[in-house]
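Student: Before anything else, here's the structure in question.
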Amino acid sequence: MEKTQQQARQEILNLVADYCEKYHLQKKKPYEPGDRIPYASRVYDAHEMVNLVDSALEFWLTSGRYTEEFERKLSEYLGVRYCSLVNSGSSANLNAFMALTSPLLGDRQVRRGDEVITVAAGFPTTVAPVIQYGAVPVFVDVTIPQYNIDAAQLEAAYSEKTKAVMIAHTLGNPFDLKAVKEFCGRHGLWLIEDNCDALGSRYMLDGTERFTGTVGDIGTSSFYPPHHMTMGEGGAVYTDNPLLHKIIRSFRDWGRDCSCPSGRDNTCNHRFDRQYGELPVGYDHKYVYSHFGYNLKATDLQAAIGCAQLEKFPGFVERRRHNFDRLRGALSDLADSLILPEPCPGSRPSWFGFLITCRQGVDRNRVVQYMEGKGIQTRMLFAGNLTRHPCFDQMRAQGNGYRVVGDLQVADRIMRDTFWVGVYPGMTDAMVDTMAQVIHEAVQGNG
């Protein structure tokens, strides 16, 4: 008897699950002392691989049913109305910022020459869209041991040209959302939360615990493999504002005015009966453009993996917290040599990493090189001080194009003295304990 398509498909998926179990999971060697400990790694099982192949068998490839499922489920998890899947966290930041440049926002539109407050100690793609558009980033310093914006400098950063604040929650540790939100409200500013390193973090605001990324006007996430969950490449932009959502979708989808989902035409029943701009009446709405946009969409293959990861995600967050707390406890006796990270008051971080700043007399480079030599992977706090990087040389030569508040001395210290190690959910207690032991050895032999 000939198999039905559904039977053949299920047989393939069963084989995929068996393959994953036998050739991916069973062959994964348990950690042993001396093994390399990465700062991050994928955590997955057969569900992700089955979803991926299931999507491939449909061969829709571009955004489809898995994309819609992922957007719906991430919205439900975060408690926001709208979510748009994109192809990376960097694209999410681009999409979020460009939404603020839409003429549909009237007087609140960010225009070239307007200022956007941010921090120097972070990842460049939080700032790159601002510079690339022609707005002016205003760099504020951060604090140690929280590594987030120094909210006391916000008023000094403000000018009549300020239109927005765009900053990240550093390695899962929420910034002072209460102070930043009040500042934005006082001056009528947009707030974009770069939530790429903090998905699952929570913050108590006005007696209610909120997820980071949902307090400001727009939040962004990244699903690159080291992040809190993965779909290989991928990102998301989310908001509660229906107008911003419309604009975000437009910039993501070539700048088009039409909001019909991919593969479904004329869902509004007005495809050929309206007039836009100087176009003739009845011009196909699918080819009407209200913005100079991009194609930032992800594929359904990526979304399929993301749907499986979302089911595991709450457990990922708890394991990250467990690993962070275990490592911090194990390093507490080194407080005279190392500054250990502290959560923002009123927050429950979903830690991306464990930040360490070396005190005077402890050489960061020697500590890091010792650890790397022992197989413990380390990372810098991204740019350290972004304004010190070669990409700013040309800006300075042309008369800047950015503004700095104060001397950024803390960002400079982070650039010299700070590094971090991972706490990803695949990390076992034995791995955490080994990291702590090696850090002790590195510090004690650093004199």
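Following the order of the structure tokens, chains are lettered A, B, ..., residues in each are numbered from 1, and ligands are numbered from 1.
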Identify, on the basis of only C-alpha atoms, every residue whose closest approach to range 437-444 of chain A does not exceed 10 Å; exclude the query and any residue fewer than 6 positions from it along the same chain; express the result as a list in words.

Tutor: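 So, after excluding close chain neighbours, the residues are Leu327, Ala330, Leu331, Asp333, Leu334, Ser337, Leu338, Cys358, Gly361, Val362, Asp363, Arg364, Arg366, Val367, Val368, Gln369, Tyr370, Met371, Glu372, Lys374, Gly375, Ile376 and Met431 of chain A.
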
Student: Applying 12 Å and only C-alpha atoms, which residues near Ala179 in chain A remain after dropping the ones on its own chain fewer than 6 positions away? List them as a ChimeraX atom specification.

Tutor: /A:149-155,185-186,191,205-206,215-216,344-345

Student: For all heavy atoms, I'd like the residues from the last selection saved as an mmCIF file, in the first residue's frame.

Tutor:
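File result13.cif, as written:
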```
data_model
loop_
_atom_site.group_PDB
_atom_site.id
_atom_site.type_symbol
_atom_site.label_atom_id
_atom_site.label_comp_id
_atom_site.auth_asym_id
_atom_site.auth_seq_id
_atom_site.Cartn_x
_atom_site.Cartn_y
_atom_site.Cartn_z
ATOM 1 N N ILE A 149 23.998 52.316 32.081
ATOM 2 C CA ILE A 149 24.041 53.767 31.983
ATOM 3 C C ILE A 149 24.015 54.439 33.350
ATOM 4 O O ILE A 149 23.274 54.016 34.259
ATOM 5 C CB ILE A 149 22.880 54.283 31.102
ATOM 6 C CG1 ILE A 149 23.021 55.777 30.817
ATOM 7 C CG2 ILE A 149 21.527 53.946 31.727
ATOM 8 C CD1 ILE A 149 22.098 56.279 29.728
ATOM 9 N N ASP A 150 24.842 55.454 33.521
ATOM 10 C CA ASP A 150 24.832 56.274 34.717
ATOM 11 C C ASP A 150 23.671 57.265 34.579
ATOM 12 O O ASP A 150 23.785 58.301 33.926
ATOM 13 C CB ASP A 150 26.165 57.009 34.854
ATOM 14 C CG ASP A 150 26.261 57.830 36.133
ATOM 15 O OD1 ASP A 150 25.242 57.936 36.854
ATOM 16 O OD2 ASP A 150 27.347 58.379 36.405
ATOM 17 N N ALA A 151 22.551 56.917 35.175
ATOM 18 C CA ALA A 151 21.334 57.711 34.996
ATOM 19 C C ALA A 151 21.489 59.130 35.520
ATOM 20 O O ALA A 151 20.759 60.037 35.080
ATOM 21 C CB ALA A 151 20.157 57.022 35.680
ATOM 22 N N ALA A 152 22.447 59.353 36.419
ATOM 23 C CA ALA A 152 22.670 60.696 36.952
ATOM 24 C C ALA A 152 23.183 61.647 35.875
ATOM 25 O O ALA A 152 23.125 62.872 36.051
ATOM 26 C CB ALA A 152 23.659 60.641 38.116
ATOM 27 N N GLN A 153 23.670 61.122 34.738
ATOM 28 C CA GLN A 153 24.205 61.968 33.668
ATOM 29 C C GLN A 153 23.170 62.281 32.582
ATOM 30 O O GLN A 153 23.472 63.000 31.633
ATOM 31 C CB GLN A 153 25.423 61.288 33.028
ATOM 32 C CG GLN A 153 26.602 61.131 33.953
ATOM 33 C CD GLN A 153 27.845 60.628 33.234
ATOM 34 O OE1 GLN A 153 27.899 60.596 32.009
ATOM 35 N NE2 GLN A 153 28.846 60.219 33.990
ATOM 36 N N LEU A 154 21.974 61.749 32.715
ATOM 37 C CA LEU A 154 20.985 61.914 31.654
ATOM 38 C C LEU A 154 20.623 63.375 31.400
ATOM 39 O O LEU A 154 20.554 63.812 30.245
ATOM 40 C CB LEU A 154 19.726 61.106 31.983
ATOM 41 C CG LEU A 154 19.834 59.595 31.752
ATOM 42 C CD1 LEU A 154 18.637 58.877 32.364
ATOM 43 C CD2 LEU A 154 19.932 59.292 30.254
ATOM 44 N N GLU A 155 20.404 64.130 32.458
ATOM 45 C CA GLU A 155 20.015 65.530 32.256
ATOM 46 C C GLU A 155 21.129 66.319 31.583
ATOM 47 O O GLU A 155 20.869 67.190 30.737
ATOM 48 C CB GLU A 155 19.625 66.176 33.589
ATOM 49 C CG GLU A 155 18.300 65.670 34.171
ATOM 50 C CD GLU A 155 17.093 66.032 33.303
ATOM 51 O OE1 GLU A 155 17.198 66.956 32.461
ATOM 52 O OE2 GLU A 155 16.036 65.406 33.478
ATOM 53 N N GLY A 185 9.881 60.296 29.773
ATOM 54 C CA GLY A 185 8.547 60.858 29.905
ATOM 55 C C GLY A 185 8.566 62.358 30.149
ATOM 56 O O GLY A 185 7.737 63.107 29.603
ATOM 57 N N ARG A 186 9.536 62.794 30.948
ATOM 58 C CA ARG A 186 9.647 64.218 31.283
ATOM 59 C C ARG A 186 9.953 65.062 30.051
ATOM 60 O O ARG A 186 9.493 66.198 29.938
ATOM 61 C CB ARG A 186 10.741 64.375 32.340
ATOM 62 C CG ARG A 186 10.810 65.736 32.996
ATOM 63 C CD ARG A 186 11.549 65.676 34.330
ATOM 64 N NE ARG A 186 12.883 65.115 34.245
ATOM 65 C CZ ARG A 186 13.246 63.947 34.762
ATOM 66 N NH1 ARG A 186 12.340 63.185 35.382
ATOM 67 N NH2 ARG A 186 14.491 63.520 34.666
ATOM 68 N N LEU A 191 12.033 55.685 23.793
ATOM 69 C CA LEU A 191 12.978 54.788 24.460
ATOM 70 C C LEU A 191 13.006 53.455 23.728
ATOM 71 O O LEU A 191 11.988 52.761 23.634
ATOM 72 C CB LEU A 191 12.582 54.548 25.925
ATOM 73 C CG LEU A 191 13.410 53.500 26.682
ATOM 74 C CD1 LEU A 191 14.898 53.844 26.679
ATOM 75 C CD2 LEU A 191 12.893 53.326 28.116
ATOM 76 N N LEU A 205 8.595 47.695 38.278
ATOM 77 C CA LEU A 205 8.280 49.084 37.967
ATOM 78 C C LEU A 205 6.872 49.386 38.439
ATOM 79 O O LEU A 205 5.910 48.741 38.014
ATOM 80 C CB LEU A 205 8.404 49.319 36.455
ATOM 81 C CG LEU A 205 8.272 50.762 35.970
ATOM 82 C CD1 LEU A 205 9.457 51.597 36.457
ATOM 83 C CD2 LEU A 205 8.183 50.810 34.449
ATOM 84 N N ASP A 206 6.762 50.357 39.338
ATOM 85 C CA ASP A 206 5.455 50.773 39.873
ATOM 86 C C ASP A 206 4.678 49.592 40.439
ATOM 87 O O ASP A 206 3.461 49.461 40.235
ATOM 88 C CB ASP A 206 4.630 51.476 38.786
ATOM 89 C CG ASP A 206 5.309 52.735 38.256
ATOM 90 O OD1 ASP A 206 6.016 53.391 39.033
ATOM 91 O OD2 ASP A 206 5.139 53.039 37.058
ATOM 92 N N VAL A 215 9.188 47.791 28.515
ATOM 93 C CA VAL A 215 8.912 49.020 29.259
ATOM 94 C C VAL A 215 9.007 50.238 28.354
ATOM 95 O O VAL A 215 8.211 51.175 28.458
ATOM 96 C CB VAL A 215 9.876 49.151 30.455
ATOM 97 C CG1 VAL A 215 9.675 50.489 31.175
ATOM 98 C CG2 VAL A 215 9.679 47.989 31.426
ATOM 99 N N GLY A 216 9.988 50.246 27.456
ATOM 100 C CA GLY A 216 10.154 51.333 26.513
ATOM 101 C C GLY A 216 9.158 51.260 25.374
ATOM 102 O O GLY A 216 8.215 50.458 25.382
ATOM 103 N N CYS A 344 20.951 45.204 39.058
ATOM 104 C CA CYS A 344 20.282 46.470 39.296
ATOM 105 C C CYS A 344 19.220 46.282 40.383
ATOM 106 O O CYS A 344 18.490 45.280 40.368
ATOM 107 C CB CYS A 344 19.630 46.944 38.004
ATOM 108 S SG CYS A 344 18.670 48.464 38.155
ATOM 109 N N PRO A 345 19.118 47.194 41.357
ATOM 110 C CA PRO A 345 18.073 47.065 42.379
ATOM 111 C C PRO A 345 16.687 46.938 41.745
ATOM 112 O O PRO A 345 16.370 47.630 40.770
ATOM 113 C CB PRO A 345 18.198 48.369 43.174
ATOM 114 C CG PRO A 345 19.627 48.783 42.996
ATOM 115 C CD PRO A 345 19.985 48.369 41.602
#
```

Student: I need the residues of range 150-310 of chain A that end up classed as strand (DSSP E or B) by DSSP on the backbone, written out as a ChimeraX atom specification.

Tutor: /A:162-168,170,173,190-194,202-205,208-211,218-222,235-239,253,256,289,295

Student: Measuring between only C-alpha atoms, which one of A:Trp351, A:Phe139, A:Phe382, A:Tyr294 shows the shortest distance to Val127 in chain A?

Tutor: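 Among A:Trp351, A:Phe139, A:Phe382, A:Tyr294, it is A:Phe139 that comes nearest to Val127 in chain A.
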
Student: Among the residues of range 11-103 of chain A, find those DSSP assigns to alpha helix (DSSP H) from the backbone and print them as an MDAnalysis selection string.

Tutor: chainID A and resid 11:20 46:58 65:78 89:99

Student: Near Gln132 in chain A, counting only C-alpha atoms, which residues have an atom at most 12 Å away, once you skip same-chain residues fewer than 6 positions from it, shown as JSON, numbers by chain?

Tutor: {"A": [94, 97, 98, 112, 113, 124, 125, 126, 395, 401, 402]}

Student: So which residues touch range 41-44 of chain A within 9 Å, counting only C-alpha atoms, skipping near sequence neighbours fewer than 2 positions away, as a ChimeraX atom specification?

Tutor: /A:25,38-39,46-49,225-227,229-230,308-309,312,316,424-427

Student: Closest to Gly234 in chain A among A:Pro341, A:Gly64, A:Gly89, A:Gly122, using only C-alpha atoms?

Tutor: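 When distances to Gly234 in chain A are compared using only C-alpha atoms, the smallest one comes from A:Gly89.
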
Student: Applying 12 Å and only C-alpha atoms, which residues near Leu386 in chain A remain after dropping the ones on its own chain fewer than 2 positions away? List them as a PyMOL selection string.

Tutor: chain A and resi 118-128+137-141+381-384+388-393+402+404+408+411-412+414-415

Student: Quick one: everything within 9 Å of Asp284 in chain A, counting only C-alpha atoms, minus sequence neighbours fewer than 3 positions away in the same chain. Send it as an MDAnalysis selection string.

Tutor: chainID A and resid 271:274 287:288

Student: Find the residue from A:Val423, A:Ala436, A:Val281, A:Ala303 that sits nearest to Glu318 in chain A; use only C-alpha atoms when measuring.

Tutor: A:Val423

Student: Do you know which residues are at most 8 Å from range 3-12 of chain A counting only C-alpha atoms, after dropping those on the same chain fewer than 2 positions away, and could you put them as a PyMOL selection string?

Tutor: chain A and resi 1+14-16+54+57

Student: Can I get the selection written as a PDB file, in the first residue's frame, with all heavy atoms?

Tutor:
```
ATOM      1  N   MET A   1       0.852  -1.204   0.000  1.00  0.00           N
ATOM      2  CA  MET A   1       0.000   0.000   0.000  1.00  0.00           C
ATOM      3  C   MET A   1       0.886   1.253   0.000  1.00  0.00           C
ATOM      4  O   MET A   1       1.808   1.367   0.812  1.00  0.00           O
ATOM      5  CB  MET A   1      -0.915  -0.004   1.241  1.00  0.00           C
ATOM      6  CG  MET A   1      -1.862   1.179   1.300  1.00  0.00           C
ATOM      7  SD  MET A   1      -2.952   1.051   2.747  1.00  0.00           S
ATOM      8  CE  MET A   1      -3.837   2.583   2.581  1.00  0.00           C
ATOM      9  N   ASN A  14      10.564  11.089  12.123  1.00  0.00           N
ATOM     10  CA  ASN A  14      10.974  10.103  13.122  1.00  0.00           C
ATOM     11  C   ASN A  14      12.445   9.726  12.952  1.00  0.00           C
ATOM     12  O   ASN A  14      13.183   9.573  13.934  1.00  0.00           O
ATOM     13  CB  ASN A  14      10.107   8.849  13.022  1.00  0.00           C
ATOM     14  CG  ASN A  14       8.678   9.085  13.486  1.00  0.00           C
ATOM     15  OD1 ASN A  14       8.385  10.053  14.192  1.00  0.00           O
ATOM     16  ND2 ASN A  14       7.766   8.211  13.081  1.00  0.00           N
ATOM     17  N   LEU A  15      12.875   9.600  11.701  1.00  0.00           N
ATOM     18  CA  LEU A  15      14.280   9.296  11.424  1.00  0.00           C
ATOM     19  C   LEU A  15      15.182  10.447  11.861  1.00  0.00           C
ATOM     20  O   LEU A  15      16.290  10.222  12.374  1.00  0.00           O
ATOM     21  CB  LEU A  15      14.475   9.006   9.937  1.00  0.00           C
ATOM     22  CG  LEU A  15      13.923   7.677   9.423  1.00  0.00           C
ATOM     23  CD1 LEU A  15      13.972   7.639   7.894  1.00  0.00           C
ATOM     24  CD2 LEU A  15      14.714   6.506  10.010  1.00  0.00           C
ATOM     25  N   VAL A  16      14.724  11.666  11.660  1.00  0.00           N
ATOM     26  CA  VAL A  16      15.495  12.832  12.081  1.00  0.00           C
ATOM     27  C   VAL A  16      15.672  12.836  13.593  1.00  0.00           C
ATOM     28  O   VAL A  16      16.766  13.092  14.116  1.00  0.00           O
ATOM     29  CB  VAL A  16      14.813  14.134  11.613  1.00  0.00           C
ATOM     30  CG1 VAL A  16      15.455  15.353  12.266  1.00  0.00           C
ATOM     31  CG2 VAL A  16      14.884  14.256  10.102  1.00  0.00           C
ATOM     32  N   ASP A  54      11.001  19.634   9.251  1.00  0.00           N
ATOM     33  CA  ASP A  54       9.581  19.780   8.935  1.00  0.00           C
ATOM     34  C   ASP A  54       9.351  21.019   8.071  1.00  0.00           C
ATOM     35  O   ASP A  54       8.624  20.979   7.067  1.00  0.00           O
ATOM     36  CB  ASP A  54       8.779  19.877  10.233  1.00  0.00           C
ATOM     37  CG  ASP A  54       7.280  19.910   9.996  1.00  0.00           C
ATOM     38  OD1 ASP A  54       6.785  19.069   9.216  1.00  0.00           O
ATOM     39  OD2 ASP A  54       6.605  20.768  10.587  1.00  0.00           O
ATOM     40  N   LEU A  57      10.738  20.423   4.557  1.00  0.00           N
ATOM     41  CA  LEU A  57       9.888  19.577   3.714  1.00  0.00           C
ATOM     42  C   LEU A  57       8.740  20.371   3.092  1.00  0.00           C
ATOM     43  O   LEU A  57       8.284  20.051   1.994  1.00  0.00           O
ATOM     44  CB  LEU A  57       9.350  18.404   4.539  1.00  0.00           C
ATOM     45  CG  LEU A  57      10.389  17.358   4.969  1.00  0.00           C
ATOM     46  CD1 LEU A  57       9.759  16.343   5.906  1.00  0.00           C
ATOM     47  CD2 LEU A  57      10.994  16.663   3.753  1.00  0.00           C
TER      48      LEU A  57
END
```

Student: Calculate how many Å separate CA of Ser222 in chain A from CA of Arg111 in chain A, rounding to one decimal.

Tutor: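 CA of Arg111 in chain A lies at a distance of 26.3 Å from CA of Ser222 in chain A.
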
Student: Between A:Lys297, A:Arg416, A:Lys161, A:Arg359, which residue has the minimum interatomic distance to Ser84 in chain A, considering only C-alpha atoms?

Tutor: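 Closest candidate: A:Lys297.
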
Student: Here is a test: counting only C-alpha atoms, which residue of A:Gln146, A:Thr162, A:Ser347, A:Ser332 is nearest to Tyr203 in chain A?

Tutor: A:Ser347

Student: Calculated over only C-alpha atoms, which of the candidates A:Ser350, A:Thr143, A:Ser102, A:Asn295 has the smallest distance to Phe324 in chain A?

Tutor: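 Looking at the shortest contact to Phe324 in chain A, the residue is A:Ser350.
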